[in-house]
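Asks: After the structure tokens below, expect a handful of questions from me.
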Amino acid sequence: MREQILILEQLQKIDMELGELEDNRNEYPQKISAYEEELQTKKDLLAELNNQKEELAKDKSDLEEQIACNDDIVKKSEEKLFEIKTYKEYVALQREIVEAKKMNSELEEELLEKMDNIEKLEAKILEENTELSGKEEDYRLKIEDFKEKLEDINALYHPKKEEKERVASQISADILPLYEKIRRRNGTVLVYVENEICSGCNMNIPPQLFNEVLTLSRIIQCPNCQKILYSKDEPKS
């Protein structure tokens with residue numbers, strides 16, 4: 001039975017190595033995706049900010065055109081003041097000039113607001129561009145590193161699986177299912193006993209059961225955590 005315990009110990013070591021490889025095989029692609037998604041989110045934000053800037057720039061251009069048009073109206077109307085012959089025409093023209101100037105005053109306020117928003121957007125775009133440029137280089141290196149690690153993991157994974165099958169084939173048909181059942185439930189299967197204490201759950205092992213563990217005459221499970229017990233000491237004669 002000692003030989004079987006030693007093989008189980010070897011199998012557990014392989015399973016722990018496989019578990020780490022599998023964790024990394026799952027974790028690294030997730031990290032790569034997280035970096036790529038964060039960069040894409042930044043790029044999408046920049047695209048949206050640039051779209052907003054273009055819309056504001058168009059609005060600004062339209063306002064400037066309206067203001068210029070009203071200025072032209074005011075200029076032409078003021079020139080006509082010297083040509084009109086009736087008071088009624090004079091009053092109507094003055095009203096037209098006042099309304100055009102009032103409209104321009106409102107348009108100029110709106111224009112200043114647009115220009116202020118454009119300035120703020122340009123500052124935000126510059127900030128986001130600077131941050132994106134830094135992250136793109138940093139994340140590119142991290143992504144390349146994770147991809148290289150994944151290649152190394154994949155190169156190790158299948159040989160390690162084959163090694164597990166080879167070692168598992170040396171374990172008794174009645175012991176292997178128990179091993180796999182405990183591993184699925186607890187992860188760790190074999191735990192050593194020292195000073196009559198289970199290293200898996202720190203519970204006391206009854207003296208008689210502890211003596212059986214030392215003899216390694218059969219597979220013994222901890223009464224508390226159900227893990228397979230073994231001792232680092234030589235078996236008693």
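Following the order of the structure tokens, chains are lettered A, B, ..., residues in each are numbered from 1, and ligands are numbered from 1.
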Find the spatial neighbours of A:Leu8, counting only C-alpha atoms, within a cut-off of 12 Å - ignore same-chain residues fewer than 3 positions away - and output them as an NGL selection string.
Replies: :A and (1-5 or 11-15 or 164 or 167-172 or 175-180 or 183 or 188-191 or 219 or 228-230)
Asks: Please provide as a ChimeraX atom specification all residues within 10 Å of A:Lys80, with the sequence filter that same-chain residues fewer than 3 positions apart are discarded (counting only C-alpha atoms).
Replies: /A:74-77,83-84,89-90,93
Asks: Would you export the selected residues with all heavy atoms as a compact mmCIF listing (two decimals), in the first residue's frame, please?
Replies:
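The resulting file, result_26.txt, is shown below:
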```txt
# COMPACT_ATOMS: atom_id res chain seq x y z
N VAL A 74 -27.81 94.45 -41.39
CA VAL A 74 -27.69 95.71 -40.63
C VAL A 74 -26.97 96.77 -41.46
O VAL A 74 -27.40 97.94 -41.54
CB VAL A 74 -26.94 95.47 -39.30
CG1 VAL A 74 -26.60 96.80 -38.64
CG2 VAL A 74 -27.80 94.63 -38.37
N LYS A 75 -25.88 96.37 -42.10
CA LYS A 75 -25.09 97.30 -42.90
C LYS A 75 -25.92 97.89 -44.04
O LYS A 75 -25.93 99.12 -44.27
CB LYS A 75 -23.86 96.59 -43.45
CG LYS A 75 -22.95 97.49 -44.26
CD LYS A 75 -21.75 96.70 -44.78
CE LYS A 75 -20.87 97.59 -45.66
NZ LYS A 75 -19.71 96.87 -46.21
N LYS A 76 -26.61 97.02 -44.77
CA LYS A 76 -27.42 97.48 -45.91
C LYS A 76 -28.60 98.33 -45.44
O LYS A 76 -28.97 99.33 -46.09
CB LYS A 76 -27.93 96.29 -46.70
CG LYS A 76 -26.83 95.58 -47.49
CD LYS A 76 -27.37 94.37 -48.25
CE LYS A 76 -26.25 93.71 -49.05
NZ LYS A 76 -26.73 92.51 -49.78
N SER A 77 -29.19 97.95 -44.31
CA SER A 77 -30.32 98.70 -43.79
C SER A 77 -29.88 100.09 -43.34
O SER A 77 -30.59 101.09 -43.56
CB SER A 77 -30.97 97.96 -42.62
OG SER A 77 -31.53 96.74 -43.05
N GLU A 83 -31.65 106.99 -47.66
CA GLU A 83 -32.33 107.02 -48.95
C GLU A 83 -33.86 107.08 -48.83
O GLU A 83 -34.55 107.44 -49.77
CB GLU A 83 -31.95 105.79 -49.78
CG GLU A 83 -30.47 105.69 -50.05
CD GLU A 83 -30.10 104.37 -50.74
OE1 GLU A 83 -31.05 103.60 -51.06
OE2 GLU A 83 -28.90 104.12 -50.93
N ILE A 84 -34.39 106.67 -47.64
CA ILE A 84 -35.85 106.58 -47.50
C ILE A 84 -36.47 107.98 -47.45
O ILE A 84 -35.84 108.95 -47.04
CB ILE A 84 -36.25 105.77 -46.26
CG1 ILE A 84 -35.68 106.41 -45.00
CG2 ILE A 84 -35.81 104.34 -46.37
CD1 ILE A 84 -36.10 105.72 -43.76
N GLU A 89 -41.40 104.24 -43.50
CA GLU A 89 -40.30 103.39 -43.99
C GLU A 89 -39.11 103.46 -43.03
O GLU A 89 -38.44 102.46 -42.77
CB GLU A 89 -39.87 103.86 -45.38
CG GLU A 89 -40.87 103.54 -46.47
CD GLU A 89 -40.43 104.10 -47.81
OE1 GLU A 89 -39.76 105.17 -47.83
OE2 GLU A 89 -40.76 103.48 -48.83
N TYR A 90 -38.88 104.65 -42.49
CA TYR A 90 -37.76 104.84 -41.55
C TYR A 90 -37.95 103.98 -40.29
O TYR A 90 -37.03 103.30 -39.84
CB TYR A 90 -37.67 106.33 -41.18
CG TYR A 90 -36.55 106.63 -40.22
CD1 TYR A 90 -35.25 106.83 -40.67
CD2 TYR A 90 -36.80 106.70 -38.85
CE1 TYR A 90 -34.21 107.11 -39.78
CE2 TYR A 90 -35.79 106.98 -37.96
CZ TYR A 90 -34.48 107.17 -38.43
OH TYR A 90 -33.47 107.44 -37.54
N LEU A 93 -37.50 100.27 -41.09
CA LEU A 93 -36.09 99.93 -41.29
C LEU A 93 -35.33 99.90 -39.97
O LEU A 93 -34.48 99.03 -39.74
CB LEU A 93 -35.47 100.94 -42.25
CG LEU A 93 -34.21 100.50 -43.00
CD1 LEU A 93 -34.46 99.19 -43.77
CD2 LEU A 93 -33.74 101.59 -43.97
```
Asks: With only C-alpha atoms as the counted atoms, please give the residues lying no more than 9 Å from stretch 32-35 of chain A, apart from itself and same-chain residues fewer than 4 positions off, as number ranges by chain.
Replies: A: 27-28, 39-40, 139-140, 142-144, 146-147
Asks: When you look at A:Glu55 with a cut-off of 12 Å (counting only C-alpha atoms), what residues show up, excluding the ones that are within fewer than 6 positions of it in the same chain? I need them as a list in words.
Replies: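 Near neighbours after the sequence-gap exclusion: Glu48, Leu49, Ser61, Asp62, Lys114, Met115, Asn117, Ile118 and Leu121 of chain A.
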Asks: Export, as a PDB file, in the first residue's frame, the selected residues with N, CA and C atoms.
Replies:
```pdb
ATOM      1  N   GLU A  48     -16.292  59.155 -30.185  1.00  0.00           N
ATOM      2  CA  GLU A  48     -17.487  59.902 -29.789  1.00  0.00           C
ATOM      3  C   GLU A  48     -17.150  61.373 -29.515  1.00  0.00           C
ATOM      4  N   LEU A  49     -16.025  61.607 -28.825  1.00  0.00           N
ATOM      5  CA  LEU A  49     -15.608  62.981 -28.532  1.00  0.00           C
ATOM      6  C   LEU A  49     -15.305  63.747 -29.819  1.00  0.00           C
ATOM      7  N   SER A  61     -19.860  77.028 -37.246  1.00  0.00           N
ATOM      8  CA  SER A  61     -19.803  77.563 -38.608  1.00  0.00           C
ATOM      9  C   SER A  61     -21.163  78.124 -39.039  1.00  0.00           C
ATOM     10  N   ASP A  62     -22.233  77.405 -38.693  1.00  0.00           N
ATOM     11  CA  ASP A  62     -23.587  77.869 -39.028  1.00  0.00           C
ATOM     12  C   ASP A  62     -23.902  79.184 -38.315  1.00  0.00           C
ATOM     13  N   LYS A 114     -20.521  77.655 -27.744  1.00  0.00           N
ATOM     14  CA  LYS A 114     -20.021  76.587 -28.609  1.00  0.00           C
ATOM     15  C   LYS A 114     -18.497  76.561 -28.618  1.00  0.00           C
ATOM     16  N   MET A 115     -17.892  77.731 -28.723  1.00  0.00           N
ATOM     17  CA  MET A 115     -16.426  77.818 -28.760  1.00  0.00           C
ATOM     18  C   MET A 115     -15.818  77.326 -27.446  1.00  0.00           C
ATOM     19  N   ASN A 117     -17.221  75.109 -25.423  1.00  0.00           N
ATOM     20  CA  ASN A 117     -17.395  73.654 -25.414  1.00  0.00           C
ATOM     21  C   ASN A 117     -16.373  72.962 -26.313  1.00  0.00           C
ATOM     22  N   ILE A 118     -16.087  73.571 -27.460  1.00  0.00           N
ATOM     23  CA  ILE A 118     -15.076  73.005 -28.362  1.00  0.00           C
ATOM     24  C   ILE A 118     -13.711  72.990 -27.685  1.00  0.00           C
ATOM     25  N   LEU A 121     -13.666  70.242 -25.179  1.00  0.00           N
ATOM     26  CA  LEU A 121     -13.586  68.951 -25.867  1.00  0.00           C
ATOM     27  C   LEU A 121     -12.183  68.687 -26.381  1.00  0.00           C
TER      28      LEU A 121
END
```
Asks: Mind listing the strand (DSSP E or B) residues of chain A, per DSSP on the backbone, as a PyMOL selection string?
Replies: chain A and resi 190-194+197-198+204+221+228-230
Asks: Can you work out the spacing between atom CA of A:Ile97 and atom CA of A:Glu109 in Å, to one decimal?
Replies: 18.5 Å
Asks: In terms of the shortest atom-to-atom distance over only C-alpha atoms, which of A:Asp138, A:Glu65, A:Glu128, A:Asp145 is closest to A:Leu111?
Replies: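 For A:Leu111, the nearest of the candidates is A:Glu65.
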Asks: One decimal, in Å: what's the spacing between atom CA of A:Ser199 and atom CA of A:Leu21?
Replies: 25.2 Å
Asks: Let me make sure I understand: among A:Gln221, A:Gln66, A:Asn202, A:Gln94, which one has the smallest atom-to-atom distance to A:Glu79 if we use only C-alpha atoms?
Replies: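 Answer, going by the shortest atom-to-atom distance: A:Gln94.
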Asks: Atom CA of A:Ile125 and atom CA of A:Glu64, how far apart in Å?
Replies: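 Value for the atom CA of A:Glu64-atom CA of A:Ile125 distance: 24.0 Å.
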